[in-house]
file data.cif (mmCIF, C-alpha atoms and all ligand atoms)
data_query
loop_
_atom_site.group_PDB
_atom_site.id
_atom_site.type_symbol
_atom_site.label_atom_id
_atom_site.label_comp_id
_atom_site.auth_asym_id
_atom_site.auth_seq_id
_atom_site.Cartn_x
_atom_site.Cartn_y
_atom_site.Cartn_z
ATOM 1 C CA MET N 1 2.177 27.828 28.333
ATOM 2 C CA TYR N 2 2.941 29.913 31.452
ATOM 3 C CA THR N 3 6.391 30.939 30.229
ATOM 4 C CA GLN N 4 4.877 33.319 27.670
ATOM 5 C CA LEU N 5 3.516 35.580 30.400
ATOM 6 C CA GLU N 6 6.639 35.253 32.504
ATOM 7 C CA GLN N 7 9.255 35.911 29.857
ATOM 8 C CA ARG N 8 7.973 37.731 26.768
ATOM 9 C CA GLY N 9 11.548 37.363 25.525
ATOM 10 C CA MET N 10 12.953 39.694 28.179
ATOM 11 C CA SER N 11 15.967 39.628 30.464
ATOM 12 C CA GLU N 12 13.742 40.660 33.388
ATOM 13 C CA PRO N 13 10.302 39.059 33.879
ATOM 14 C CA PRO N 14 7.200 41.275 33.873
ATOM 15 C CA VAL N 15 6.181 42.776 37.206
ATOM 16 C CA ASN N 16 3.209 41.138 38.905
ATOM 17 C CA VAL N 17 1.511 41.418 42.322
ATOM 18 C CA SER N 18 4.061 39.058 43.888
ATOM 19 C CA THR N 19 6.943 41.185 42.562
ATOM 20 C CA LEU N 20 5.384 44.273 44.147
ATOM 21 C CA ARG N 21 4.843 42.498 47.464
ATOM 22 C CA LYS N 22 8.456 41.239 47.414
ATOM 23 C CA MET N 23 9.711 44.767 46.719
ATOM 24 C CA LYS N 24 7.827 45.988 49.795
ATOM 25 C CA ASP N 25 9.190 43.144 51.912
ATOM 26 C CA GLU N 26 12.759 43.772 50.726
ATOM 27 C CA GLY N 27 12.499 47.563 51.049
ATOM 28 C CA GLU N 28 12.984 48.296 47.347
ATOM 29 C CA PRO N 29 10.992 51.425 46.447
ATOM 30 C CA ILE N 30 8.374 50.860 43.734
ATOM 31 C CA ALA N 31 8.575 53.463 40.942
ATOM 32 C CA CYS N 32 5.159 54.238 39.435
ATOM 33 C CA LEU N 33 3.936 56.740 36.834
ATOM 34 C CA THR N 34 0.806 57.448 34.866
ATOM 35 C CA ALA N 35 0.692 56.991 31.082
ATOM 36 C CA TYR N 36 -2.107 57.430 28.596
ATOM 37 C CA ASP N 37 -0.803 56.280 25.201
ATOM 38 C CA ALA N 38 1.425 53.667 23.583
ATOM 39 C CA SER N 39 4.364 55.973 22.743
ATOM 40 C CA PHE N 40 4.813 57.165 26.308
ATOM 41 C CA ALA N 41 4.150 53.643 27.598
ATOM 42 C CA VAL N 42 7.193 52.437 25.611
ATOM 43 C CA LEU N 43 9.365 55.169 27.189
ATOM 44 C CA VAL N 44 8.078 54.612 30.715
ATOM 45 C CA ASP N 45 8.661 50.875 30.390
ATOM 46 C CA ALA N 46 12.155 51.356 28.936
ATOM 47 C CA ALA N 47 13.028 53.714 31.808
ATOM 48 C CA GLY N 48 12.346 50.949 34.348
ATOM 49 C CA VAL N 49 9.039 52.127 35.834
ATOM 50 C CA ASP N 50 7.567 49.204 37.788
ATOM 51 C CA LEU N 51 3.869 50.123 37.716
ATOM 52 C CA VAL N 52 1.959 52.216 35.174
ATOM 53 C CA LEU N 53 -1.432 53.711 35.957
ATOM 54 C CA VAL N 54 -3.902 54.783 33.306
ATOM 55 C CA GLY N 55 -5.318 57.361 35.680
ATOM 56 C CA ASP N 56 -8.545 59.286 35.376
ATOM 57 C CA SER N 57 -6.178 62.271 35.591
ATOM 58 C CA LEU N 58 -6.408 61.869 31.808
ATOM 59 C CA GLY N 59 -9.598 63.913 32.128
ATOM 60 C CA MET N 60 -7.440 66.871 33.130
ATOM 61 C CA VAL N 61 -4.140 66.351 31.290
ATOM 62 C CA ILE N 62 -5.463 64.834 28.041
ATOM 63 C CA GLN N 63 -9.051 66.056 27.778
ATOM 64 C CA GLY N 64 -8.630 69.500 29.350
ATOM 65 C CA HIS N 65 -11.321 69.223 32.023
ATOM 66 C CA ASP N 66 -10.922 70.932 35.416
ATOM 67 C CA THR N 67 -11.605 67.705 37.325
ATOM 68 C CA THR N 68 -11.596 63.925 36.764
ATOM 69 C CA VAL N 69 -15.393 63.711 37.125
ATOM 70 C CA PRO N 70 -16.304 63.722 33.381
ATOM 71 C CA VAL N 71 -14.079 60.696 32.548
ATOM 72 C CA THR N 72 -15.974 57.586 31.388
ATOM 73 C CA VAL N 73 -15.280 53.841 31.418
ATOM 74 C CA ASN N 74 -14.917 53.962 27.616
ATOM 75 C CA ASP N 75 -12.231 56.672 27.951
ATOM 76 C CA ILE N 76 -10.153 54.566 30.368
ATOM 77 C CA VAL N 77 -10.604 51.379 28.330
ATOM 78 C CA TYR N 78 -9.462 53.185 25.165
ATOM 79 C CA HIS N 79 -6.315 54.639 26.778
ATOM 80 C CA SER N 80 -5.532 51.471 28.736
ATOM 81 C CA ARG N 81 -5.625 49.395 25.559
ATOM 82 C CA ALA N 82 -3.136 51.800 23.949
ATOM 83 C CA VAL N 83 -0.818 51.761 26.977
ATOM 84 C CA ALA N 84 -0.966 47.951 27.211
ATOM 85 C CA ARG N 85 0.415 47.727 23.667
ATOM 86 C CA GLY N 86 3.486 49.744 24.687
ATOM 87 C CA LEU N 87 4.385 47.862 27.892
ATOM 88 C CA ARG N 88 6.588 44.816 28.259
ATOM 89 C CA ARG N 89 7.754 44.718 31.884
ATOM 90 C CA ALA N 90 5.665 47.214 33.875
ATOM 91 C CA PHE N 91 2.472 46.251 35.729
ATOM 92 C CA LEU N 92 -0.621 47.954 34.285
ATOM 93 C CA VAL N 93 -3.339 49.415 36.514
ATOM 94 C CA ALA N 94 -6.500 51.077 35.157
ATOM 95 C CA ASP N 95 -8.529 53.638 37.083
ATOM 96 C CA MET N 96 -12.240 53.157 37.648
ATOM 97 C CA PRO N 97 -13.820 56.518 36.812
ATOM 98 C CA PHE N 98 -16.440 58.444 38.783
ATOM 99 C CA MET N 99 -19.636 56.427 39.393
ATOM 100 C CA SER N 100 -18.376 53.323 37.582
ATOM 101 C CA TYR N 101 -18.348 51.318 40.853
ATOM 102 C CA ALA N 102 -21.420 52.563 42.700
ATOM 103 C CA ASN N 103 -22.434 48.991 43.615
ATOM 104 C CA PRO N 104 -20.644 45.602 43.579
ATOM 105 C CA ASP N 105 -22.184 44.314 40.333
ATOM 106 C CA GLN N 106 -21.479 47.515 38.421
ATOM 107 C CA ALA N 107 -17.913 47.493 39.782
ATOM 108 C CA LEU N 108 -17.413 43.904 38.655
ATOM 109 C CA GLU N 109 -18.833 44.530 35.188
ATOM 110 C CA ASN N 110 -16.627 47.587 34.627
ATOM 111 C CA SER N 111 -13.506 45.914 36.101
ATOM 112 C CA VAL N 112 -13.952 43.054 33.651
ATOM 113 C CA ARG N 113 -13.992 45.612 30.815
ATOM 114 C CA MET N 114 -10.757 47.194 32.146
ATOM 115 C CA MET N 115 -9.056 43.799 32.145
ATOM 116 C CA GLN N 116 -10.527 42.147 29.045
ATOM 117 C CA GLU N 117 -10.762 45.173 26.746
ATOM 118 C CA GLY N 118 -8.178 47.477 28.351
ATOM 119 C CA GLY N 119 -5.499 44.883 29.095
ATOM 120 C CA ALA N 120 -5.225 46.039 32.724
ATOM 121 C CA MET N 121 -3.835 43.701 35.390
ATOM 122 C CA MET N 122 -5.428 45.562 38.302
ATOM 123 C CA ILE N 123 -8.098 48.209 38.769
ATOM 124 C CA LYS N 124 -7.889 51.229 41.061
ATOM 125 C CA LEU N 125 -10.850 52.733 42.846
ATOM 126 C CA GLU N 126 -11.198 55.644 45.239
ATOM 127 C CA GLY N 127 -12.167 53.864 48.403
ATOM 128 C CA GLY N 128 -13.454 54.365 51.903
ATOM 129 C CA GLU N 129 -15.690 52.490 54.307
ATOM 130 C CA GLY N 130 -18.396 52.592 51.614
ATOM 131 C CA GLN N 131 -16.266 50.629 49.157
ATOM 132 C CA ILE N 132 -15.317 47.698 51.412
ATOM 133 C CA GLU N 133 -18.165 45.523 50.156
ATOM 134 C CA ILE N 134 -17.156 46.364 46.579
ATOM 135 C CA VAL N 135 -13.505 45.434 47.187
ATOM 136 C CA GLU N 136 -14.639 42.149 48.769
ATOM 137 C CA HIS N 137 -16.860 41.406 45.766
ATOM 138 C CA LEU N 138 -14.025 42.104 43.297
ATOM 139 C CA ALA N 139 -11.516 40.074 45.344
ATOM 140 C CA ARG N 140 -13.953 37.159 45.450
ATOM 141 C CA HIS N 141 -13.870 37.240 41.635
ATOM 142 C CA ASP N 142 -10.045 37.446 41.570
ATOM 143 C CA ILE N 143 -9.957 41.044 40.340
ATOM 144 C CA PRO N 144 -6.785 42.666 41.730
ATOM 145 C CA VAL N 145 -7.600 45.985 43.410
ATOM 146 C CA CYS N 146 -5.677 49.137 44.318
ATOM 147 C CA ALA N 147 -7.627 51.202 46.873
ATOM 148 C CA HIS N 148 -7.038 54.974 46.699
ATOM 149 C CA LEU N 149 -7.298 56.876 50.014
ATOM 150 C CA GLY N 150 -6.487 60.381 51.239
ATOM 151 C CA LEU N 151 -7.353 63.061 48.721
ATOM 152 C CA LYS N 152 -9.876 61.451 46.399
ATOM 153 C CA PRO N 153 -10.165 63.713 43.347
ATOM 154 C CA GLN N 154 -13.522 62.194 42.287
ATOM 155 C CA SER N 155 -14.942 63.666 45.521
ATOM 156 C CA VAL N 156 -13.619 67.169 44.814
ATOM 157 C CA HIS N 157 -17.085 68.746 44.729
ATOM 158 C CA LYS N 158 -18.017 67.076 48.023
ATOM 159 C CA ILE N 159 -14.724 67.980 49.771
ATOM 160 C CA GLY N 160 -14.688 71.508 48.344
ATOM 161 C CA GLY N 161 -11.295 71.536 46.629
ATOM 162 C CA PHE N 162 -8.051 69.621 46.310
ATOM 163 C CA ARG N 163 -6.597 69.694 49.837
ATOM 164 C CA VAL N 164 -4.387 67.663 52.183
ATOM 165 C CA GLN N 165 -6.342 64.972 54.053
ATOM 166 C CA GLY N 166 -5.809 63.353 57.470
ATOM 167 C CA ARG N 167 -4.150 66.243 59.280
ATOM 168 C CA GLU N 168 -6.458 65.964 62.313
ATOM 169 C CA ALA N 169 -5.681 63.088 64.717
ATOM 170 C CA ASP N 170 -9.191 61.552 64.483
ATOM 171 C CA LYS N 171 -9.213 61.713 60.663
ATOM 172 C CA ALA N 172 -5.732 60.153 60.548
ATOM 173 C CA LYS N 173 -6.841 57.300 62.812
ATOM 174 C CA ASP N 174 -9.967 56.753 60.655
ATOM 175 C CA MET N 175 -7.856 56.606 57.491
ATOM 176 C CA GLN N 176 -5.466 54.100 59.047
ATOM 177 C CA ARG N 177 -8.403 51.941 60.150
ATOM 178 C CA THR N 178 -10.040 52.136 56.715
ATOM 179 C CA ALA N 179 -6.764 51.216 54.977
ATOM 180 C CA LYS N 180 -6.517 48.087 57.117
ATOM 181 C CA LYS N 181 -10.161 47.168 56.405
ATOM 182 C CA LEU N 182 -9.617 47.613 52.659
ATOM 183 C CA GLN N 183 -6.569 45.343 52.837
ATOM 184 C CA ASP N 184 -8.550 42.771 54.814
ATOM 185 C CA ALA N 185 -11.336 43.015 52.219
ATOM 186 C CA GLY N 186 -8.832 42.000 49.545
ATOM 187 C CA ALA N 187 -7.088 45.159 48.272
ATOM 188 C CA ASP N 188 -3.628 44.299 46.888
ATOM 189 C CA ILE N 189 -2.248 47.858 46.958
ATOM 190 C CA VAL N 190 -3.214 50.990 48.869
ATOM 191 C CA LEU N 191 -2.520 54.351 47.222
ATOM 192 C CA LEU N 192 -2.365 57.450 49.435
ATOM 193 C CA GLU N 193 -2.743 60.932 47.968
ATOM 194 C CA CYS N 194 -1.902 64.181 49.774
ATOM 195 C CA VAL N 195 -1.531 63.113 53.383
ATOM 196 C CA PRO N 196 1.034 64.137 56.017
ATOM 197 C CA SER N 197 4.263 62.114 55.796
ATOM 198 C CA GLU N 198 3.769 60.779 59.318
ATOM 199 C CA LEU N 199 0.387 59.317 58.340
ATOM 200 C CA GLY N 200 1.864 57.821 55.151
ATOM 201 C CA GLN N 201 4.508 56.064 57.223
ATOM 202 C CA SER N 202 2.048 54.820 59.846
ATOM 203 C CA ILE N 203 -0.237 53.309 57.194
ATOM 204 C CA ARG N 204 2.768 51.728 55.444
ATOM 205 C CA ASP N 205 3.820 50.202 58.774
ATOM 206 C CA VAL N 206 0.462 48.572 59.565
ATOM 207 C CA LEU N 207 -0.218 47.126 56.100
ATOM 208 C CA ASP N 208 1.245 43.985 54.522
ATOM 209 C CA VAL N 209 0.360 45.153 50.997
ATOM 210 C CA PRO N 210 2.420 47.844 49.231
ATOM 211 C CA VAL N 211 1.502 51.460 49.983
ATOM 212 C CA ILE N 212 2.142 53.819 47.064
ATOM 213 C CA GLY N 213 2.202 57.535 47.776
ATOM 214 C CA ILE N 214 1.608 60.740 45.850
ATOM 215 C CA GLY N 215 2.291 63.532 48.285
ATOM 216 C CA ALA N 216 2.371 60.979 51.131
ATOM 217 C CA GLY N 217 5.994 61.469 52.145
ATOM 218 C CA PRO N 218 9.162 59.399 51.747
ATOM 219 C CA ASP N 219 8.294 56.521 54.096
ATOM 220 C CA VAL N 220 5.883 54.560 51.904
ATOM 221 C CA ASP N 221 6.663 51.573 49.661
ATOM 222 C CA GLY N 222 6.580 53.440 46.360
ATOM 223 C CA GLN N 223 5.909 56.758 44.662
ATOM 224 C CA ILE N 224 3.606 57.737 41.811
ATOM 225 C CA LEU N 225 3.335 60.980 39.859
ATOM 226 C CA VAL N 226 1.461 62.174 36.796
ATOM 227 C CA LEU N 227 3.735 61.763 33.751
ATOM 228 C CA TYR N 228 2.918 65.188 32.280
ATOM 229 C CA ASP N 229 3.841 66.855 35.606
ATOM 230 C CA ILE N 230 7.343 65.339 35.750
ATOM 231 C CA LEU N 231 7.968 66.209 32.077
ATOM 232 C CA ASP N 232 7.032 69.862 32.661
ATOM 233 C CA ILE N 233 4.157 69.655 30.184
ATOM 234 C CA THR N 234 1.614 70.763 32.801
ATOM 235 C CA GLN N 235 1.433 74.566 32.851
ATOM 236 C CA GLY N 236 0.472 76.782 35.770
ATOM 237 C CA LYS N 237 0.609 75.997 39.458
ATOM 238 C CA THR N 238 1.394 72.357 40.245
ATOM 239 C CA PRO N 239 0.907 70.638 43.630
ATOM 240 C CA ARG N 240 3.708 70.752 46.200
ATOM 241 C CA PHE N 241 4.627 67.071 45.612
ATOM 242 C CA VAL N 242 5.377 67.591 41.896
ATOM 243 C CA LYS N 243 8.999 67.698 40.760
ATOM 244 C CA ASN N 244 10.026 68.680 37.253
ATOM 245 C CA PHE N 245 12.447 65.914 36.173
ATOM 246 C CA GLN N 246 12.864 67.369 32.677
ATOM 247 C CA VAL N 247 15.294 69.968 34.053
ATOM 248 C CA GLY N 248 18.823 69.050 32.957
ATOM 249 C CA HIS N 249 17.641 66.335 30.563
ATOM 250 C CA SER N 250 17.349 66.662 26.807
ATOM 251 C CA SER N 251 14.886 63.828 26.213
ATOM 252 C CA PRO N 252 11.698 62.616 27.934
ATOM 253 C CA LEU N 253 13.301 59.156 28.293
ATOM 254 C CA ASP N 254 16.219 60.605 30.280
ATOM 255 C CA ALA N 255 13.840 62.616 32.448
ATOM 256 C CA ILE N 256 11.750 59.513 33.227
ATOM 257 C CA ARG N 257 14.938 57.540 33.975
ATOM 258 C CA SER N 258 16.015 60.220 36.438
ATOM 259 C CA TYR N 259 12.588 59.997 38.150
ATOM 260 C CA VAL N 260 13.015 56.218 38.510
ATOM 261 C CA THR N 261 16.532 56.671 39.918
ATOM 262 C CA ALA N 262 15.328 59.325 42.374
ATOM 263 C CA VAL N 263 12.515 57.054 43.636
ATOM 264 C CA LYS N 264 14.856 54.076 43.935
ATOM 265 C CA ASP N 265 17.599 55.998 45.784
ATOM 266 C CA ARG N 266 14.944 57.834 47.837
ATOM 267 C CA SER N 267 16.153 61.309 46.838
ATOM 268 C CA TYR N 268 12.539 61.923 45.722
ATOM 269 C CA PRO N 269 10.413 63.022 47.541
ATOM 270 C CA ALA N 270 12.545 65.632 49.316
ATOM 271 C CA PRO N 271 11.132 67.586 52.297
ATOM 272 C CA GLU N 272 9.847 70.358 49.993
ATOM 273 C CA HIS N 273 7.555 67.807 48.263
ATOM 274 C CA CYS N 274 5.977 66.587 51.504
ATOM 275 C CA PHE N 275 3.149 67.649 53.813
ATOM 276 C CA SER N 276 3.219 67.830 57.606
HETATM 277 O O1 LIG F 301 -5.648 59.537 38.121
HETATM 278 C C1 LIG F 301 -4.484 59.538 38.510
HETATM 279 O O2 LIG F 301 -3.543 59.839 37.776
HETATM 280 C C2 LIG F 301 -4.229 59.160 39.887
HETATM 281 C C3 LIG F 301 -2.881 59.476 40.416
HETATM 282 C C4 LIG F 301 -2.842 60.899 40.777
HETATM 283 C C5 LIG F 301 -2.498 58.593 41.520
HETATM 284 O O3 LIG F 301 -5.084 58.676 40.566
#
call {"tool": "encode", "arguments": {"input": "data.cif", "output": "structure tokens"}}
result
Amino acid sequence: MYTQLEQRGMSEPPVNVSTLRKMKDEGEPIACLTAYDASFAVLVDAAGVDLVLVGDSLGMVIQGHDTTVPVTVNDIVYHSRAVARGLRRAFLVADMPFMSYANPDQALENSVRMMQEGGAMMIKLEGGEGQIEIVEHLARHDIPVCAHLGLKPQSVHKIGGFRVQGREADKAKDMQRTAKKLQDAGADIVLLECVPSELGQSIRDVLDVPVIGIGAGPDVDGQILVLYDILDITQGKTPRFVKNFQVGHSSPLDAIRSYVTAVKDRSYPAPEHCFS
């Protein structure tokens, strides 16, 4: 019975939380990307991406909104279900959209939808001190959780723009403390967005669970980017941490493969993609 999940007729078994933990322990960088549909999910999986996130960034790159705030649970469930059909090896994480986890019971109800209807293996939520009780509640019900710290795009109207977080010593200390509390509450992964490299490294060093960075420097356990950014589909000004991997490649599959290689050999992120 269990062999179905472990093999799915593949040479390499599907990635699970233990695989990700082992990669951290053995120092193998975890290559992560977003995806929003089955066709790209097939390519991302074939390229060797370890973890795929159906991010609420879909509000911006798929739906054309200026922020992730308008995205709904139904939107994520729809796209997650499509992505799940395209994946064989990669681990699937679904984002909890704005106000879908305002209290523990609502968080549990919506996480169950992500897993049962969306086929997700883990949910991601933008966390802080206020979400510790929610993470505990989900962990108690065996819902795997990725806690997102640093720049939290769902808070853009509260923060007043998309900007680097944790530059001040007291804010950096607070973030490190919160990351540890979220891990202790049951988070299985911590994702850090737009923080100085030094802070990324210090949080990676104090946590046992994998720390995945987007604009968090080279010294974290894995990297994640938005698929449309690395394929040069996103027009206009992109954040400093974005690298266009389509350059020099004639197909999206080759571009995604070169992203995976660059994460694995640590040539991405380079200093020009990092914050100090
Ligand atoms: O929604 C998303 O795509 C994300 C990534 C930027 C990490 O949260």
call {"tool": "residues_near_ligand", "arguments": {"input": "data.cif", "ligand": "ligand LIG 301 (chain F)", "cutoff": "7 Å", "atoms": "all atoms listed in the file", "output": "list in words"}}
result
Thr34, Leu53, Val54, Gly55, Asp56, Ser57, Leu58, Asp95, Glu193, Ile214, Ile224, Leu225 and Val226 of chain N
call {"tool": "closest_residue", "arguments": {"input": "data.cif", "among": "N:Asp205, N:Glu12, N:Asp45, N:Asp170", "to": "Ala84 of chain N", "atoms": "all atoms listed in the file"}}
result
N:Asp45
call {"tool": "residues_around", "arguments": {"input": "data.cif", "residues": "Asp265 of chain N", "least_positions_apart": "3", "cutoff": "12 Å", "atoms": "only C-alpha atoms", "output": "MDAnalysis selection string"}}
result
chainID N and resid 27:31 218 222:223 258:262 268:270
call {"tool": "resolve_selection", "arguments": {"input": "data.cif", "expression": "the PyMOL selection byres (((chain N and resi 211) around 8) and not hetatm)", "output": "compact mmCIF listing (two decimals) with C-alpha atoms, in the coordinates of the input"}}
result
# COMPACT_ATOMS: atom_id res chain seq x y z
CA ILE N 189 -2.25 47.86 46.96
CA VAL N 190 -3.21 50.99 48.87
CA LEU N 191 -2.52 54.35 47.22
CA LEU N 192 -2.37 57.45 49.44
CA ILE N 203 -0.24 53.31 57.19
CA ARG N 204 2.77 51.73 55.44
CA LEU N 207 -0.22 47.13 56.10
CA VAL N 209 0.36 45.15 51.00
CA PRO N 210 2.42 47.84 49.23
CA ILE N 212 2.14 53.82 47.06
CA GLY N 213 2.20 57.54 47.78
CA VAL N 220 5.88 54.56 51.90
CA ASP N 221 6.66 51.57 49.66
CA GLY N 222 6.58 53.44 46.36
call {"tool": "resolve_selection", "arguments": {"input": "data.cif", "expression": "the PyMOL selection byres (((chain N and resi 52) around 10) and not hetatm)", "output": "PyMOL selection string"}}
result
chain N and resi 31-36+41+44-45+49-51+53-55+80+83-84+87+90-94+120+224+227
call {"tool": "write_last_selection", "arguments": {"input": "data.cif", "atoms": "C-alpha atoms", "output": "mmCIF file, keeping the file's coordinate frame"}}
result
data_model
loop_
_atom_site.group_PDB
_atom_site.id
_atom_site.type_symbol
_atom_site.label_atom_id
_atom_site.label_comp_id
_atom_site.auth_asym_id
_atom_site.auth_seq_id
_atom_site.Cartn_x
_atom_site.Cartn_y
_atom_site.Cartn_z
ATOM 1 C CA ALA N 31 8.575 53.463 40.942
ATOM 2 C CA CYS N 32 5.159 54.238 39.435
ATOM 3 C CA LEU N 33 3.936 56.740 36.834
ATOM 4 C CA THR N 34 0.806 57.448 34.866
ATOM 5 C CA ALA N 35 0.692 56.991 31.082
ATOM 6 C CA TYR N 36 -2.107 57.430 28.596
ATOM 7 C CA ALA N 41 4.150 53.643 27.598
ATOM 8 C CA VAL N 44 8.078 54.612 30.715
ATOM 9 C CA ASP N 45 8.661 50.875 30.390
ATOM 10 C CA VAL N 49 9.039 52.127 35.834
ATOM 11 C CA ASP N 50 7.567 49.204 37.788
ATOM 12 C CA LEU N 51 3.869 50.123 37.716
ATOM 13 C CA LEU N 53 -1.432 53.711 35.957
ATOM 14 C CA VAL N 54 -3.902 54.783 33.306
ATOM 15 C CA GLY N 55 -5.318 57.361 35.680
ATOM 16 C CA SER N 80 -5.532 51.471 28.736
ATOM 17 C CA VAL N 83 -0.818 51.761 26.977
ATOM 18 C CA ALA N 84 -0.966 47.951 27.211
ATOM 19 C CA LEU N 87 4.385 47.862 27.892
ATOM 20 C CA ALA N 90 5.665 47.214 33.875
ATOM 21 C CA PHE N 91 2.472 46.251 35.729
ATOM 22 C CA LEU N 92 -0.621 47.954 34.285
ATOM 23 C CA VAL N 93 -3.339 49.415 36.514
ATOM 24 C CA ALA N 94 -6.500 51.077 35.157
ATOM 25 C CA ALA N 120 -5.225 46.039 32.724
ATOM 26 C CA ILE N 224 3.606 57.737 41.811
ATOM 27 C CA LEU N 227 3.735 61.763 33.751
#
call {"tool": "residues_around", "arguments": {"input": "data.cif", "residues": "Arg81 of chain N", "least_positions_apart": "2", "cutoff": "10 Å", "atoms": "all atoms listed in the file", "output": "list in words"}}
result
Tyr36, Asp37, Ala38, Val54, Ile76, Val77, Tyr78, His79, Val83, Ala84, Arg85, Gly86, Ala94, Met114, Met115, Gln116, Glu117, Gly118, Gly119 and Ala120 of chain N
call {"tool": "build_atoms", "arguments": {"input": "data.cif", "residues": "segment 255-270 of chain N", "atoms": "N, CA, C and O atoms", "output": "PDB file, in the coordinates of the input"}}
result
ATOM      1  N   ALA N 255      14.552  62.027  31.300  1.00  0.00           N
ATOM      2  CA  ALA N 255      13.840  62.616  32.448  1.00  0.00           C
ATOM      3  C   ALA N 255      13.119  61.520  33.233  1.00  0.00           C
ATOM      4  O   ALA N 255      13.163  61.500  34.472  1.00  0.00           O
ATOM      5  N   ILE N 256      12.479  60.600  32.534  1.00  0.00           N
ATOM      6  CA  ILE N 256      11.750  59.513  33.227  1.00  0.00           C
ATOM      7  C   ILE N 256      12.749  58.615  33.954  1.00  0.00           C
ATOM      8  O   ILE N 256      12.511  58.186  35.086  1.00  0.00           O
ATOM      9  N   ARG N 257      13.903  58.354  33.293  1.00  0.00           N
ATOM     10  CA  ARG N 257      14.938  57.540  33.975  1.00  0.00           C
ATOM     11  C   ARG N 257      15.388  58.218  35.267  1.00  0.00           C
ATOM     12  O   ARG N 257      15.615  57.564  36.267  1.00  0.00           O
ATOM     13  N   SER N 258      15.521  59.553  35.225  1.00  0.00           N
ATOM     14  CA  SER N 258      16.015  60.220  36.438  1.00  0.00           C
ATOM     15  C   SER N 258      14.949  60.187  37.536  1.00  0.00           C
ATOM     16  O   SER N 258      15.276  60.132  38.721  1.00  0.00           O
ATOM     17  N   TYR N 259      13.662  60.180  37.142  1.00  0.00           N
ATOM     18  CA  TYR N 259      12.588  59.997  38.150  1.00  0.00           C
ATOM     19  C   TYR N 259      12.722  58.612  38.796  1.00  0.00           C
ATOM     20  O   TYR N 259      12.692  58.483  40.026  1.00  0.00           O
ATOM     21  N   VAL N 260      12.911  57.588  37.967  1.00  0.00           N
ATOM     22  CA  VAL N 260      13.015  56.218  38.510  1.00  0.00           C
ATOM     23  C   VAL N 260      14.209  56.133  39.472  1.00  0.00           C
ATOM     24  O   VAL N 260      14.098  55.595  40.585  1.00  0.00           O
ATOM     25  N   THR N 261      15.340  56.691  39.059  1.00  0.00           N
ATOM     26  CA  THR N 261      16.532  56.671  39.918  1.00  0.00           C
ATOM     27  C   THR N 261      16.261  57.384  41.240  1.00  0.00           C
ATOM     28  O   THR N 261      16.620  56.893  42.318  1.00  0.00           O
ATOM     29  N   ALA N 262      15.587  58.536  41.157  1.00  0.00           N
ATOM     30  CA  ALA N 262      15.328  59.325  42.374  1.00  0.00           C
ATOM     31  C   ALA N 262      14.381  58.591  43.329  1.00  0.00           C
ATOM     32  O   ALA N 262      14.524  58.682  44.551  1.00  0.00           O
ATOM     33  N   VAL N 263      13.407  57.839  42.757  1.00  0.00           N
ATOM     34  CA  VAL N 263      12.515  57.054  43.636  1.00  0.00           C
ATOM     35  C   VAL N 263      13.307  55.909  44.265  1.00  0.00           C
ATOM     36  O   VAL N 263      13.227  55.653  45.460  1.00  0.00           O
ATOM     37  N   LYS N 264      14.117  55.251  43.438  1.00  0.00           N
ATOM     38  CA  LYS N 264      14.856  54.076  43.935  1.00  0.00           C
ATOM     39  C   LYS N 264      15.892  54.460  44.994  1.00  0.00           C
ATOM     40  O   LYS N 264      16.105  53.715  45.948  1.00  0.00           O
ATOM     41  N   ASP N 265      16.573  55.628  44.784  1.00  0.00           N
ATOM     42  CA  ASP N 265      17.599  55.998  45.784  1.00  0.00           C
ATOM     43  C   ASP N 265      17.011  56.903  46.879  1.00  0.00           C
ATOM     44  O   ASP N 265      17.740  57.445  47.704  1.00  0.00           O
ATOM     45  N   ARG N 266      15.709  57.090  46.835  1.00  0.00           N
ATOM     46  CA  ARG N 266      14.944  57.834  47.837  1.00  0.00           C
ATOM     47  C   ARG N 266      15.328  59.311  47.908  1.00  0.00           C
ATOM     48  O   ARG N 266      15.107  59.970  48.931  1.00  0.00           O
ATOM     49  N   SER N 267      15.903  59.861  46.821  1.00  0.00           N
ATOM     50  CA  SER N 267      16.153  61.309  46.838  1.00  0.00           C
ATOM     51  C   SER N 267      14.877  62.074  46.487  1.00  0.00           C
ATOM     52  O   SER N 267      14.762  63.278  46.717  1.00  0.00           O
ATOM     53  N   TYR N 268      13.876  61.368  45.885  1.00  0.00           N
ATOM     54  CA  TYR N 268      12.539  61.923  45.722  1.00  0.00           C
ATOM     55  C   TYR N 268      11.589  61.061  46.542  1.00  0.00           C
ATOM     56  O   TYR N 268      11.683  59.827  46.452  1.00  0.00           O
ATOM     57  N   PRO N 269      10.671  61.598  47.327  1.00  0.00           N
ATOM     58  CA  PRO N 269      10.413  63.022  47.541  1.00  0.00           C
ATOM     59  C   PRO N 269      11.363  63.628  48.592  1.00  0.00           C
ATOM     60  O   PRO N 269      11.685  62.981  49.586  1.00  0.00           O
ATOM     61  N   ALA N 270      11.758  64.873  48.345  1.00  0.00           N
ATOM     62  CA  ALA N 270      12.545  65.632  49.316  1.00  0.00           C
ATOM     63  C   ALA N 270      11.560  66.358  50.249  1.00  0.00           C
ATOM     64  O   ALA N 270      10.360  66.417  49.950  1.00  0.00           O
TER      65      ALA N 270
END
